[in-house]
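Chemist: Okay, here's the structure, questions in a sec.
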Amino acid sequence: MLGWMYYAVTRPVLERVNHRDVEVLADLDDCCRRKHIKSAQYDHFAAIAEEEAHLSAARLFRAMAHSERVQEAQCALIITKLGGRYQPPGRMLLFRGTTAGNIQRSIHYEARSADSTHRARIARNLHAGNRLAARMLIWASAADLRHRWFLEHLNGFSNEGGFFVCPECGNLYTTSHCDRFCPHCLTDARRFIFVR
């Protein structure tokens with residue numbers, strides 16, 4: 001009992017956190033964690049594709065992993081700016097399978113990422129007036145849709161030259177179809193990161 005009383009008297013007084021800020025930080029934290037898990041999974045899938053000599057899939061998985069890491073870093077930066085703290089997940093379950101199965105698994109995962117929950121989080125952050133968080137969630141959602149498209153059309157385009165990743169928002173491009181600037185964040189294409 002004395003220990004509890006001592007703790008109650010000596011603990012620092014925490015500022016009241018606005019309920020909306022808690023929701024915003026929770027949305028961003030969830031986005032960061034998903035991006036961290038997906039980047040690790042895609043790196044793992046790239047290694048499997050290389051073992052199976054499926055080089056186009058390996059290139060795409062590596063580029064998607066880099067894109068996810070860029071988005072995780074940007075999202076974590078926003079959490080810090082808003083006064084929160086991000087801690088990446090410690091343990092993860094990585095799936096093992098053939099490249100064909102991993103591509104299908106990834107398509108389904110990307111499709112689930114763009115569900116109504118994602119749209120509700122974006123709307124909640126826009127309604128709360130936090131445009132910075134909403135913009136990050138929109139970029140994350142757009143990247144998920146773009147990754148899904150690349151996975152679905154993997155055999156329909158040539159990615160032998162590799163990919164470019166925007167260093168600000170994580171947008172992904174093939175080297176043969178690269179814009180002069182990123183349409184999401186207007187970053188100059190000369191700053192894009194080459195992933196082969």
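Here's how to read the names in the structure tokens: chain A, B, ... by the order shown, residue numbers from 1 in each chain, ligand numbers from 1 in the order shown.
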A:Arg62: which residues within 8 Å, counting only C-alpha atoms, same-chain residues fewer than 2 positions away excluded, as a list in words?
Modeler: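 My list of contacting residues is Tyr42, Asp43, Ala46, Ala58, Arg59, Leu60, Met64, Ala65, His66, Val195 and Arg196 of chain A.
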Chemist: Within 12 Å of stretch 166-185 of chain A, which residues of stretch 69-138 of chain A come that close, and what is the closest atom pair and distance in Å for each? Count only C-alpha atoms and give it as JSON lines.
Modeler:
{"residue": "A:Arg69", "atom": "CA", "partner": "A:Gly170", "partner_atom": "CA", "distance": 7.9}
{"residue": "A:Val70", "atom": "CA", "partner": "A:Gly170", "partner_atom": "CA", "distance": 5.4}
{"residue": "A:Gln71", "atom": "CA", "partner": "A:Gly170", "partner_atom": "CA", "distance": 5.5}
{"residue": "A:Glu72", "atom": "CA", "partner": "A:Gly170", "partner_atom": "CA", "distance": 9.1}
{"residue": "A:Ala73", "atom": "CA", "partner": "A:Glu168", "partner_atom": "CA", "distance": 9.4}
{"residue": "A:Gln74", "atom": "CA", "partner": "A:Glu168", "partner_atom": "CA", "distance": 7.2}
{"residue": "A:Cys75", "atom": "CA", "partner": "A:Cys169", "partner_atom": "CA", "distance": 9.5}
{"residue": "A:Leu77", "atom": "CA", "partner": "A:Glu168", "partner_atom": "CA", "distance": 11.3}
{"residue": "A:Arg135", "atom": "CA", "partner": "A:His184", "partner_atom": "CA", "distance": 9.5}
{"residue": "A:Met136", "atom": "CA", "partner": "A:Cys169", "partner_atom": "CA", "distance": 7.8}
{"residue": "A:Leu137", "atom": "CA", "partner": "A:Cys169", "partner_atom": "CA", "distance": 10.3}
{"residue": "A:Ile138", "atom": "CA", "partner": "A:His184", "partner_atom": "CA", "distance": 9.4}
Chemist: Just checking: using only C-alpha atoms, which residue out of A:Ser67, A:Thr98, A:Gln87, A:Ser39 ends up closest to A:Glu52?
Modeler: A:Thr98
Chemist: Figure out the distance between atom CA of A:Arg85 and atom CA of A:His118, please, to one decimal in Å.
Modeler: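 These two atoms are separated by 21.3 Å.
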Chemist: Check chain A with DSSP on the backbone and list each residue it calls alpha helix (DSSP H), as number ranges by chain.
Modeler: A: 2-10, 19-51, 55-81, 99-113, 116-127, 131-152
Chemist: Generate a file of the selected residues that holds C-alpha atoms, formatted as an mmCIF file, in the first residue's frame.
Modeler:
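This is the output file selection_28.cif:
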data_model
loop_
_atom_site.group_PDB
_atom_site.id
_atom_site.type_symbol
_atom_site.label_atom_id
_atom_site.label_comp_id
_atom_site.auth_asym_id
_atom_site.auth_seq_id
_atom_site.Cartn_x
_atom_site.Cartn_y
_atom_site.Cartn_z
ATOM 1 C CA LEU A 2 2.813 2.400 0.859
ATOM 2 C CA GLY A 3 4.508 1.622 -2.452
ATOM 3 C CA TRP A 4 1.362 2.485 -4.378
ATOM 4 C CA MET A 5 0.946 5.767 -2.458
ATOM 5 C CA TYR A 6 4.595 6.679 -3.047
ATOM 6 C CA TYR A 7 4.204 5.991 -6.766
ATOM 7 C CA ALA A 8 0.995 8.045 -6.955
ATOM 8 C CA VAL A 9 2.665 11.040 -5.321
ATOM 9 C CA THR A 10 6.002 10.916 -7.143
ATOM 10 C CA HIS A 19 -8.776 11.649 -27.736
ATOM 11 C CA ARG A 20 -8.354 12.515 -31.428
ATOM 12 C CA ASP A 21 -4.561 12.655 -31.055
ATOM 13 C CA VAL A 22 -4.585 9.182 -29.510
ATOM 14 C CA GLU A 23 -6.572 7.853 -32.474
ATOM 15 C CA VAL A 24 -4.245 9.559 -34.953
ATOM 16 C CA LEU A 25 -1.161 8.108 -33.276
ATOM 17 C CA ALA A 26 -2.789 4.669 -33.128
ATOM 18 C CA ASP A 27 -3.601 4.808 -36.857
ATOM 19 C CA LEU A 28 -0.053 5.839 -37.717
ATOM 20 C CA ASP A 29 1.454 3.230 -35.402
ATOM 21 C CA ASP A 30 -0.645 0.516 -37.044
ATOM 22 C CA CYS A 31 0.459 1.733 -40.478
ATOM 23 C CA CYS A 32 4.131 1.665 -39.385
ATOM 24 C CA ARG A 33 3.848 -1.844 -38.015
ATOM 25 C CA ARG A 34 2.169 -3.145 -41.173
ATOM 26 C CA LYS A 35 4.862 -1.542 -43.318
ATOM 27 C CA HIS A 36 7.615 -3.049 -41.158
ATOM 28 C CA ILE A 37 6.126 -6.531 -41.375
ATOM 29 C CA LYS A 38 5.531 -6.258 -45.121
ATOM 30 C CA SER A 39 9.098 -5.086 -45.795
ATOM 31 C CA ALA A 40 10.534 -8.063 -43.887
ATOM 32 C CA GLN A 41 8.146 -10.441 -45.657
ATOM 33 C CA TYR A 42 8.993 -9.055 -49.104
ATOM 34 C CA ASP A 43 12.742 -9.310 -48.430
ATOM 35 C CA HIS A 44 12.139 -12.949 -47.458
ATOM 36 C CA PHE A 45 10.066 -13.566 -50.602
ATOM 37 C CA ALA A 46 12.837 -11.980 -52.726
ATOM 38 C CA ALA A 47 15.362 -14.454 -51.313
ATOM 39 C CA ILE A 48 13.028 -17.362 -52.104
ATOM 40 C CA ALA A 49 12.489 -16.073 -55.667
ATOM 41 C CA GLU A 50 16.255 -15.817 -56.170
ATOM 42 C CA GLU A 51 16.663 -19.426 -54.999
ATOM 43 C CA LEU A 55 14.567 -12.983 -61.096
ATOM 44 C CA SER A 56 11.716 -10.665 -62.118
ATOM 45 C CA ALA A 57 9.769 -11.602 -58.966
ATOM 46 C CA ALA A 58 12.911 -11.183 -56.849
ATOM 47 C CA ARG A 59 13.455 -7.664 -58.256
ATOM 48 C CA LEU A 60 9.847 -6.711 -57.615
ATOM 49 C CA PHE A 61 9.823 -8.067 -54.049
ATOM 50 C CA ARG A 62 13.095 -6.258 -53.278
ATOM 51 C CA ALA A 63 11.743 -2.978 -54.670
ATOM 52 C CA MET A 64 8.470 -3.375 -52.757
ATOM 53 C CA ALA A 65 10.403 -4.074 -49.543
ATOM 54 C CA HIS A 66 12.399 -0.878 -50.037
ATOM 55 C CA SER A 67 9.209 1.071 -50.737
ATOM 56 C CA GLU A 68 7.654 -0.264 -47.527
ATOM 57 C CA ARG A 69 10.759 0.720 -45.508
ATOM 58 C CA VAL A 70 10.623 4.278 -46.884
ATOM 59 C CA GLN A 71 6.963 4.532 -45.895
ATOM 60 C CA GLU A 72 7.641 3.081 -42.451
ATOM 61 C CA ALA A 73 10.403 5.648 -41.871
ATOM 62 C CA GLN A 74 8.210 8.551 -43.009
ATOM 63 C CA CYS A 75 5.307 7.348 -40.882
ATOM 64 C CA ALA A 76 7.580 6.969 -37.824
ATOM 65 C CA LEU A 77 8.867 10.506 -38.413
ATOM 66 C CA ILE A 78 5.307 11.840 -38.368
ATOM 67 C CA ILE A 79 4.582 9.940 -35.143
ATOM 68 C CA THR A 80 7.617 11.592 -33.573
ATOM 69 C CA LYS A 81 6.543 15.040 -34.827
ATOM 70 C CA THR A 99 7.324 -17.864 -55.509
ATOM 71 C CA ALA A 100 3.995 -18.398 -57.262
ATOM 72 C CA GLY A 101 2.283 -18.929 -53.897
ATOM 73 C CA ASN A 102 4.069 -15.943 -52.388
ATOM 74 C CA ILE A 103 2.889 -13.717 -55.238
ATOM 75 C CA GLN A 104 -0.724 -14.823 -54.683
ATOM 76 C CA ARG A 105 -0.386 -14.412 -50.906
ATOM 77 C CA SER A 106 0.980 -10.889 -51.428
ATOM 78 C CA ILE A 107 -1.838 -9.944 -53.813
ATOM 79 C CA HIS A 108 -4.428 -11.000 -51.237
ATOM 80 C CA TYR A 109 -2.590 -9.155 -48.462
ATOM 81 C CA GLU A 110 -2.372 -5.953 -50.517
ATOM 82 C CA ALA A 111 -6.084 -6.251 -51.360
ATOM 83 C CA ARG A 112 -6.940 -6.537 -47.657
ATOM 84 C CA SER A 113 -4.784 -3.477 -46.915
ATOM 85 C CA SER A 116 -12.812 -0.038 -45.772
ATOM 86 C CA THR A 117 -10.815 0.119 -42.515
ATOM 87 C CA HIS A 118 -8.011 1.880 -44.377
ATOM 88 C CA ARG A 119 -10.475 4.345 -45.882
ATOM 89 C CA ALA A 120 -12.083 4.924 -42.483
ATOM 90 C CA ARG A 121 -8.698 5.780 -40.943
ATOM 91 C CA ILE A 122 -7.971 8.287 -43.693
ATOM 92 C CA ALA A 123 -11.401 9.873 -43.245
ATOM 93 C CA ARG A 124 -10.977 9.994 -39.455
ATOM 94 C CA ASN A 125 -7.642 11.806 -39.766
ATOM 95 C CA LEU A 126 -9.013 14.258 -42.311
ATOM 96 C CA HIS A 127 -11.985 14.923 -40.048
ATOM 97 C CA ARG A 131 -3.605 16.566 -42.787
ATOM 98 C CA LEU A 132 -0.045 15.338 -42.216
ATOM 99 C CA ALA A 133 -1.227 11.989 -40.864
ATOM 100 C CA ALA A 134 -3.977 11.735 -43.473
ATOM 101 C CA ARG A 135 -1.478 12.375 -46.264
ATOM 102 C CA MET A 136 0.794 9.603 -44.976
ATOM 103 C CA LEU A 137 -2.111 7.163 -44.777
ATOM 104 C CA ILE A 138 -3.191 8.125 -48.306
ATOM 105 C CA TRP A 139 0.342 7.515 -49.599
ATOM 106 C CA ALA A 140 0.405 4.149 -47.831
ATOM 107 C CA SER A 141 -2.937 3.167 -49.322
ATOM 108 C CA ALA A 142 -1.878 4.268 -52.811
ATOM 109 C CA ALA A 143 1.362 2.289 -52.513
ATOM 110 C CA ASP A 144 -0.590 -0.811 -51.488
ATOM 111 C CA LEU A 145 -2.760 -0.480 -54.609
ATOM 112 C CA ARG A 146 0.304 0.087 -56.792
ATOM 113 C CA HIS A 147 2.098 -2.938 -55.329
ATOM 114 C CA ARG A 148 -0.972 -5.045 -55.952
ATOM 115 C CA TRP A 149 -1.034 -3.922 -59.596
ATOM 116 C CA PHE A 150 2.655 -4.765 -60.042
ATOM 117 C CA LEU A 151 2.119 -8.206 -58.512
ATOM 118 C CA GLU A 152 -0.937 -8.941 -60.687
#
Chemist: Taking the backbone alone, and naming residues the way the document does, which bits of stretch 99-177 of chain A are strand (DSSP E or B) by DSSP, as a count of residues only?
Modeler: 6
Chemist: Do you have the atom CA of A:Val165-atom CA of A:Asp188 distance handy?
Modeler: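 Atom CA of A:Asp188 lies 11.5 Å from atom CA of A:Val165.
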Chemist: Have a look at atom CA of A:Phe192 and atom CA of A:His54 and let me know their distance in Å, one decimal.
Modeler: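 Separation of atom CA of A:Phe192 and atom CA of A:His54: 25.1 Å.
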